[in-house]
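Structure first, then comments.
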There are 4 protein chains.
Amino acid sequence: MFILVNLKAYPCDPIAVAKAAKEVADESGVRIAVSPQASQISAVADTGVETWAQHVSPNQYGSFTGSTLAEAAADAGAVGTLINHSENRRKLADIDASVRAAERADLETCVCANNPRQTAAAAALGPDSVAVEPPELIGGDVSVASGDPDIVTDAVAAAQEVDESVDVYCGAGVSTGEDVTAAQELGAEGILLASGVAKADDPKEALEDLVSDL
Amino acid sequence: MFILVNLKAYPCDPIAVAKAAKEVADESGVRIAVSPQASQISAVADTGVETWAQHVSPNQYGSFTGSTLAEAAADAGAVGTLINHSENRRKLADIDASVRAAERADLETCVCANNPRQTAAAAALGPDSVAVEPPELIGGDVSVASGDPDIVTDAVAAAQEVDESVDVYCGAGVSTGEDVTAAQELGAEGILLASGVAKADDPKEALEDLVSDL
Amino acid sequence: MFILVNLKAYPCDPIAVAKAAKEVADESGVRIAVSPQASQISAVADTGVETWAQHVSPNQYGSFTGSTLAEAAADAGAVGTLINHSENRRKLADIDASVRAAERADLETCVCANNPRQTAAAAALGPDSVAVEPPELIGGDVSVASGDPDIVTDAVAAAQEVDESVDVYCGAGVSTGEDVTAAQELGAEGILLASGVAKADDPKEALEDLVSDL
Amino acid sequence: MFILVNLKAYPCDPIAVAKAAKEVADESGVRIAVSPQASQISAVADTGVETWAQHVSPNQYGSFTGSTLAEAAADAGAVGTLINHSENRRKLADIDASVRAAERADLETCVCANNPRQTAAAAALGPDSVAVEPPELIGGDVSVASGDPDIVTDAVAAAQEVDESVDVYCGAGVSTGEDVTAAQELGAEGILLASGVAKADDPKEALEDLVSDL
């Protein structure tokens with residue numbers, strides 16, 4: 001399982017979370033990455049933790065003021081990127097171009113999607129993975145296993161039918177070690193988390209709980 | 001073959017084009033539709049020609065000022081709609097929701113896409129058809145057959161692999177009867193046209209040429 | 001006072017509301033307009049009521065699929081248009097271009113704004129009027145006079161300072177005849193209404209109440 | 001005069017340009033800042049040069065994946081930010097909110113605008129400065145003085161009329177020391193530059209030429 005901690009625009013200490021993630025990854029052997037604001041990528045990457053961008057723009061080098069150039073994110077230390085997160089929905093053509101931009105910069109790609117149909121659409125664009133984020137689970141206290149397990153199994157099936165090489169991550173409804181195991185049993189190869197770790201009093205403890213059953 | 005004449009925001013007489021399309025459709029037996037500005041749907045539909053919207057919004061009934069409600073387009077006389085035209089690119093989640101909105105209003109749906117990859121993604125959203133519009137052919141004088149025939153055959157194959165029930169239309173590079181036949185031979189079930197008919201001195205003559213080899 | 005009834009994407013009968021508005025305008029001498037979906041402009045204008053578009057695009061004639069061409073809205077019978085409604089926020093440069101597009105098509109223009117600062121900014125773009133829509137009043141039951149009267153007087157002052165010829169309308173918090181009078185006393189030259197009329201069991205009665213104190 | 005070098009998404013070495021800018025600023029006493037990609041802010045700020053973000057999002061702390069949080073840009077070392085650059089046009093309400101977000105993070109603000117009318121609108125939102133970028137001058141070889149000097153003087157007048165405390169910068173058409181002096185004589189308090197410095201073989205030499213007449 002892959003655990004990706006999305007720091008969003010939270011008022012957390014990104015370095016503290018990064019260090020905790022690095023320690024738990026080293027101790028448990030579980031792959032854990034942290035995704036900070038673009039301006040914090042280099043500081044987070046300096047901790048040694050696997051670092052992801054929260055978004056990259058579809059453009060290449062050129063006159064694109066205010067864009068998030070994939071190559072610049074990679075130069076700062078990112079090795080992967082989210083694309084089309086539910087808080088950052090993008091045009092179909094731009095998702096396609098952002099996946100290509102990330103590939104050029106050697107960034108691993110995870111495209112987010114709302115439901116099994118959009119998961120299949122995202123998979124058709126050839127990213128490394130798709131994260132399915134059921135709107136009813138985002139930011140809530142309902143876990144994916146108890147809330148709507150079918151959406152994960154359906155998303156896995158939908159992605160597989162389009163492209164077997166695309167992994168499916170569970171993008172919402174995971175906050176405990178049990179949820180991680182439940183997502184894994186539903187066919188997810190990874191999970192996206194945010195406040196459960198980023199806003200935890202003790203991020204390291206939160207991460208240790210998450211990997212405890214793996 | 002299905003011929004869809006997109007009037008865009010051209011300074012043409014939509015009624016004159018609609019009447020010409022209606023006549024050629026009746027005389028040739030070829031299915032021809034006209035897609036005018038939203039405010040012209042009812043006048044165009046009154047001619048008896050098959051009428052399509054150029055876009056419908058993802059929303060349902062409600063507080064959505066300035067939206068293009070699918071039900072309102074249908075009430076005015078539209079029976080189908082383009083979605084995500086290259087001049088009106090939309091977010092992945094909104095394309096999905098617009099296809100659903102059109103279905104609720106009994107509108108046939110054609111989602112536009114740039115390349116075979118996006119064609120597969122669009123097909124995964126379950127529209128009736130996908131129109132592939134290679135950027136290099138849009139608005140130009142290069143015909144699809146001479147310019148880049150592979151993009152059409154690849155788009156047809158990509159859509160078929162995702163969903164066999166989704167037709168593929170050729171969304172650019174068609175301006176003569178020969179181009180229509182060429183697109184048909186490449187596997188396209190329809191074509192999108194715009195200025196070739198809408199800006200023609202004699203739209204009826206232009207349409208007669210287009211259907212001459214069918 | 002000018003009363004503009006915005007039908008949004010409501011499941012109402014636009015013709016019934018239009019007829020009611022026409023009758024009350026004729027009987028009371030108060031200027032009343034109705035703003036329907038683009039596809040309903042011609043049917044609404046056919047009732048003889050003053051008809052407004054809910055939005056016009058910044059573009060002129062050309063290759064703009066899915067746009068709302070100002071000239072096409074005018075041809076269908078619109079004589080005015082909202083721009084940048086809170087449900088349809090637009091880029092600064094596009095608001096500027098939409099005001100110019102509307103002017104070319106002889107459409108009266110009302111640009112919506114959230115607060116006095118944005119009201120001044122909108123006024124600087126030279127529309128005929130600006131409607132201030134305090135977010136806290138939109139869609140609620142709080143009236144502008146009781147809720148936050150300062151925002152209207154401040155908006156009027158802000159617009160006047162930039163351009164004395166720009167009228168200020170009250171874009172939320174008005175549902176009774178008393179509210180209309182209160183808005184007028186605060187300096188508003190018009191009001192925007194939506195559900196209070198569009199969703200009323202008897203739209204004519206609702207409008208008669210609104211103009212009763214004028 | 002204030003000289004702001006916008007590195008856009010150019011394939012330049014941001015550190016080399018930053019060091020050159022720092023040296024020329026120190027030697028000449030002219031205020032010079034560099035605006036890199038968000039992911040490069042901390043590295044650029046570490047050179048000691050005044051560092052600006054290319055954009056900040058309208059949001060505050062919270063669930064805003066892929067945003068450019070003003071506070072995070074400031075923490076990384078930025079002291080100012082562009083907003084609404086012509087390559088990154090924003091909604092009126094979002095420009096307003098981005099100026100507020102930047103203020104909360106103690107970032108100086110420069111809102112970009114296309115013409116005198118939009119300059120006045122931008123000034124009404126209360127930024128520290130507005131940069132007028134005439135579309136016909138962007139990326140071209142025409143200098144502002146020879147091309148269309150009126151647009152700068154008109155923009156200065158328009159901004160002054162709305163708010164005397166808002167400076168106007170010249171956002172295009174400046175590539176030589178003569179252009180800088182010309183812009184200054186037209187009333188501009190600063191200039192925005194991009195490729196002329198960022199893509200120069202010798203950025204320091206380019207900057208030395210720009211400040212030579214000040």
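We name chains A, B, ... following the order of the structure tokens; residues begin at 1 in each chain, and ligands are numbered from 1 as shown.
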(request) Based on DSSP run over this structure's backbone, return all residues of chain A in strand (DSSP E), as an NGL selection string. (result) :A and (2-6 or 31-35 or 50-53 or 80-83 or 108-113 or 129-132 or 167-170 or 190-193)
Given the selection you just returned, output its residues as a file containing N, CA, C and O atoms, formatted as a tab-separated table (two decimals), in the first residue's frame.
```tsv
chain	number	residue	atom	x	y	z
A	2	PHE	N	0.33	2.27	-0.66
A	2	PHE	CA	1.00	3.57	-0.73
A	2	PHE	C	0.13	4.56	0.03
A	2	PHE	O	-1.08	4.63	-0.19
A	3	ILE	N	0.73	5.31	0.92
A	3	ILE	CA	-0.01	6.30	1.70
A	3	ILE	C	0.47	7.70	1.33
A	3	ILE	O	1.66	8.01	1.49
A	4	LEU	N	-0.44	8.49	0.80
A	4	LEU	CA	-0.09	9.85	0.37
A	4	LEU	C	-0.80	10.85	1.28
A	4	LEU	O	-2.03	10.90	1.34
A	5	VAL	N	-0.02	11.64	1.99
A	5	VAL	CA	-0.56	12.63	2.93
A	5	VAL	C	-0.62	14.00	2.24
A	5	VAL	O	0.41	14.60	1.95
A	6	ASN	N	-1.83	14.46	1.97
A	6	ASN	CA	-2.04	15.73	1.28
A	6	ASN	C	-2.17	16.84	2.32
A	6	ASN	O	-3.12	16.87	3.10
A	31	ARG	N	5.40	2.49	2.01
A	31	ARG	CA	5.70	3.68	1.21
A	31	ARG	C	4.75	4.81	1.62
A	31	ARG	O	3.54	4.66	1.55
A	32	ILE	N	5.32	5.92	2.07
A	32	ILE	CA	4.54	7.09	2.51
A	32	ILE	C	5.11	8.34	1.84
A	32	ILE	O	6.32	8.54	1.83
A	33	ALA	N	4.22	9.14	1.28
A	33	ALA	CA	4.66	10.41	0.67
A	33	ALA	C	3.86	11.57	1.26
A	33	ALA	O	2.78	11.38	1.80
A	34	VAL	N	4.43	12.77	1.13
A	34	VAL	CA	3.78	13.98	1.64
A	34	VAL	C	3.66	14.97	0.48
A	34	VAL	O	4.58	15.14	-0.31
A	35	SER	N	2.48	15.61	0.38
A	35	SER	CA	2.22	16.56	-0.71
A	35	SER	C	1.92	17.95	-0.15
A	35	SER	O	0.81	18.23	0.28
A	50	GLU	N	9.43	11.07	0.64
A	50	GLU	CA	8.95	11.13	-0.74
A	50	GLU	C	7.98	12.30	-0.85
A	50	GLU	O	7.04	12.41	-0.06
A	51	THR	N	8.21	13.18	-1.84
A	51	THR	CA	7.46	14.43	-1.92
A	51	THR	C	6.68	14.52	-3.23
A	51	THR	O	7.22	14.25	-4.30
A	52	TRP	N	5.43	14.90	-3.11
A	52	TRP	CA	4.56	15.04	-4.28
A	52	TRP	C	4.04	16.47	-4.38
A	52	TRP	O	3.79	17.12	-3.36
A	53	ALA	N	3.85	16.93	-5.62
A	53	ALA	CA	3.15	18.20	-5.86
A	53	ALA	C	1.65	17.94	-5.72
A	53	ALA	O	1.18	16.82	-5.85
A	80	GLY	N	6.35	13.04	-7.68
A	80	GLY	CA	5.02	12.67	-8.14
A	80	GLY	C	4.10	13.86	-8.02
A	80	GLY	O	4.47	14.88	-7.44
A	81	THR	N	2.90	13.72	-8.57
A	81	THR	CA	1.94	14.82	-8.47
A	81	THR	C	0.50	14.32	-8.53
A	81	THR	O	0.20	13.38	-9.26
A	82	LEU	N	-0.34	14.95	-7.75
A	82	LEU	CA	-1.78	14.82	-7.92
A	82	LEU	C	-2.19	15.67	-9.11
A	82	LEU	O	-1.55	16.68	-9.40
A	83	ILE	N	-3.28	15.27	-9.75
A	83	ILE	CA	-3.85	16.05	-10.85
A	83	ILE	C	-5.37	15.95	-10.72
A	83	ILE	O	-5.89	14.86	-10.49
A	108	GLU	N	5.64	10.86	-11.09
A	108	GLU	CA	4.58	9.86	-11.06
A	108	GLU	C	3.25	10.62	-11.00
A	108	GLU	O	3.17	11.71	-10.44
A	109	THR	N	2.19	10.05	-11.59
A	109	THR	CA	0.93	10.79	-11.69
A	109	THR	C	-0.23	10.05	-11.06
A	109	THR	O	-0.39	8.85	-11.25
A	110	CYS	N	-1.03	10.79	-10.30
A	110	CYS	CA	-2.27	10.26	-9.74
A	110	CYS	C	-3.40	11.24	-10.08
A	110	CYS	O	-3.42	12.36	-9.56
A	111	VAL	N	-4.30	10.82	-10.96
A	111	VAL	CA	-5.43	11.66	-11.35
A	111	VAL	C	-6.62	11.32	-10.46
A	111	VAL	O	-6.96	10.15	-10.29
A	112	CYS	N	-7.25	12.33	-9.90
A	112	CYS	CA	-8.39	12.10	-9.02
A	112	CYS	C	-9.70	12.09	-9.82
A	112	CYS	O	-9.81	12.73	-10.86
A	113	ALA	N	-10.67	11.35	-9.29
A	113	ALA	CA	-11.95	11.18	-9.98
A	113	ALA	C	-13.04	10.98	-8.94
A	113	ALA	O	-12.78	10.52	-7.83
A	129	SER	N	-1.76	6.20	-11.69
A	129	SER	CA	-2.84	5.78	-10.80
A	129	SER	C	-4.00	6.76	-10.88
A	129	SER	O	-3.85	7.89	-11.35
A	130	VAL	N	-5.15	6.28	-10.40
A	130	VAL	CA	-6.34	7.12	-10.28
A	130	VAL	C	-6.82	7.00	-8.84
A	130	VAL	O	-6.87	5.90	-8.29
A	131	ALA	N	-7.14	8.13	-8.23
A	131	ALA	CA	-7.71	8.10	-6.87
A	131	ALA	C	-9.19	8.41	-6.96
A	131	ALA	O	-9.57	9.44	-7.49
A	132	VAL	N	-10.00	7.51	-6.46
A	132	VAL	CA	-11.43	7.75	-6.50
A	132	VAL	C	-11.86	8.39	-5.18
A	132	VAL	O	-11.58	7.88	-4.09
A	167	ASP	N	-3.11	1.76	-11.33
A	167	ASP	CA	-3.53	1.47	-9.96
A	167	ASP	C	-4.69	2.36	-9.55
A	167	ASP	O	-4.82	3.49	-10.04
A	168	VAL	N	-5.51	1.89	-8.62
A	168	VAL	CA	-6.58	2.71	-8.06
A	168	VAL	C	-6.29	2.97	-6.59
A	168	VAL	O	-5.96	2.04	-5.84
A	169	TYR	N	-6.36	4.23	-6.21
A	169	TYR	CA	-6.19	4.61	-4.82
A	169	TYR	C	-7.55	5.00	-4.26
A	169	TYR	O	-8.46	5.40	-5.00
A	170	CYS	N	-7.67	4.92	-2.97
A	170	CYS	CA	-8.90	5.31	-2.30
A	170	CYS	C	-8.68	6.74	-1.77
A	170	CYS	O	-7.81	6.95	-0.92
A	190	GLY	N	-3.51	2.01	-2.81
A	190	GLY	CA	-2.99	3.14	-2.04
A	190	GLY	C	-4.14	3.96	-1.50
A	190	GLY	O	-5.31	3.71	-1.83
A	191	ILE	N	-3.80	4.90	-0.62
A	191	ILE	CA	-4.83	5.78	-0.07
A	191	ILE	C	-4.33	7.22	-0.04
A	191	ILE	O	-3.13	7.49	0.07
A	192	LEU	N	-5.29	8.15	-0.15
A	192	LEU	CA	-5.00	9.57	0.03
A	192	LEU	C	-5.61	10.00	1.36
A	192	LEU	O	-6.78	9.72	1.64
A	193	LEU	N	-4.81	10.70	2.15
A	193	LEU	CA	-5.26	11.20	3.44
A	193	LEU	C	-4.94	12.68	3.53
A	193	LEU	O	-4.03	13.16	2.89
```
Sorted per-residue table, chain D near chain C, closest atoms and distance, 8 Å, only C-alpha atoms, as CSV:
```
residue,atom,partner,partner_atom,distance
D:Arg89,CA,C:Lys91,CA,6.3
D:Arg90,CA,C:Lys91,CA,4.8
D:Lys91,CA,C:Lys91,CA,3.5
D:Leu92,CA,C:Leu92,CA,4.7
D:Ala93,CA,C:Gln118,CA,7.2
D:Asp96,CA,C:Gln118,CA,7.3
D:Ala113,CA,C:Ala93,CA,7.6
D:Asn114,CA,C:Ala93,CA,7.3
D:Arg117,CA,C:Leu125,CA,5.7
D:Gln118,CA,C:Leu125,CA,6.6
D:Ala120,CA,C:Ala124,CA,5.9
D:Ala121,CA,C:Ala121,CA,3.8
D:Ala122,CA,C:Ala121,CA,6.4
D:Ala123,CA,C:Ala121,CA,7.6
D:Ala124,CA,C:Ala121,CA,5.1
D:Leu125,CA,C:Arg117,CA,5.7
D:Glu161,CA,C:Val162,CA,7.8
D:Val162,CA,C:Val162,CA,6.3
```
(message) Need the shell around Leu210 (chain D): protein/DNA/RNA residues with any atom at most 9 Å away, counting only C-alpha atoms. Skip same-chain ones fewer than 4 positions apart. Format as an NGL selection string?
(response) :D and (3 or 174-181 or 205-206 or 214)
(request) Might you pull out every residue within 10 Å of Pro14 (chain D), with only C-alpha atoms counted and same-chain residues fewer than 5 positions away left off, and present them as a PyMOL selection string? (result) chain D and resi 7+19-20+34-37+40-41+43-44+198
Go ahead and write the selection's residues with N, CA, C and O atoms as a compact mmCIF listing (two decimals), in the first residue's frame.
```
# COMPACT_ATOMS: atom_id res chain seq x y z
N LEU D 7 9.95 35.63 -14.04
CA LEU D 7 10.62 34.48 -14.67
C LEU D 7 9.63 33.52 -15.33
O LEU D 7 10.03 32.54 -15.95
N LYS D 19 20.74 36.20 -8.46
CA LYS D 19 22.03 36.76 -8.01
C LYS D 19 22.38 38.01 -8.81
O LYS D 19 22.85 39.02 -8.26
N ALA D 20 22.14 37.96 -10.11
CA ALA D 20 22.42 39.14 -10.95
C ALA D 20 21.55 40.31 -10.51
O ALA D 20 22.03 41.45 -10.40
N VAL D 34 12.61 39.73 -8.17
CA VAL D 34 12.52 38.60 -9.09
C VAL D 34 11.31 37.76 -8.69
O VAL D 34 11.08 37.51 -7.50
N SER D 35 10.53 37.33 -9.69
CA SER D 35 9.32 36.55 -9.44
C SER D 35 9.42 35.18 -10.11
O SER D 35 9.19 35.05 -11.31
N PRO D 36 9.76 34.15 -9.33
CA PRO D 36 9.96 32.81 -9.89
C PRO D 36 8.69 31.95 -9.74
O PRO D 36 7.70 32.40 -9.16
N GLN D 37 8.74 30.73 -10.23
CA GLN D 37 7.72 29.73 -9.95
C GLN D 37 7.60 29.55 -8.43
O GLN D 37 8.58 29.71 -7.70
N GLN D 40 10.12 27.64 -6.53
CA GLN D 40 11.49 28.18 -6.49
C GLN D 40 11.61 29.40 -5.60
O GLN D 40 12.67 30.02 -5.52
N ILE D 41 10.52 29.79 -4.93
CA ILE D 41 10.56 31.01 -4.12
C ILE D 41 11.65 30.94 -3.05
O ILE D 41 12.45 31.87 -2.88
N ALA D 43 14.39 29.15 -2.80
CA ALA D 43 15.76 29.17 -3.33
C ALA D 43 16.13 30.56 -3.84
O ALA D 43 17.26 31.03 -3.65
N VAL D 44 15.18 31.23 -4.47
CA VAL D 44 15.45 32.58 -4.97
C VAL D 44 15.60 33.56 -3.81
O VAL D 44 16.51 34.40 -3.80
N ALA D 198 15.23 37.45 -18.25
CA ALA D 198 15.26 36.03 -17.92
C ALA D 198 15.91 35.20 -19.01
O ALA D 198 16.53 34.16 -18.73
```
(request) List the neighbours of Ala172 (chain B) out to 6 Å using only C-alpha atoms; skip same-chain residues closer than 5 positions along the sequence, and give me the result as a VMD selection string. (result) chain B and resid 133 137 to 138
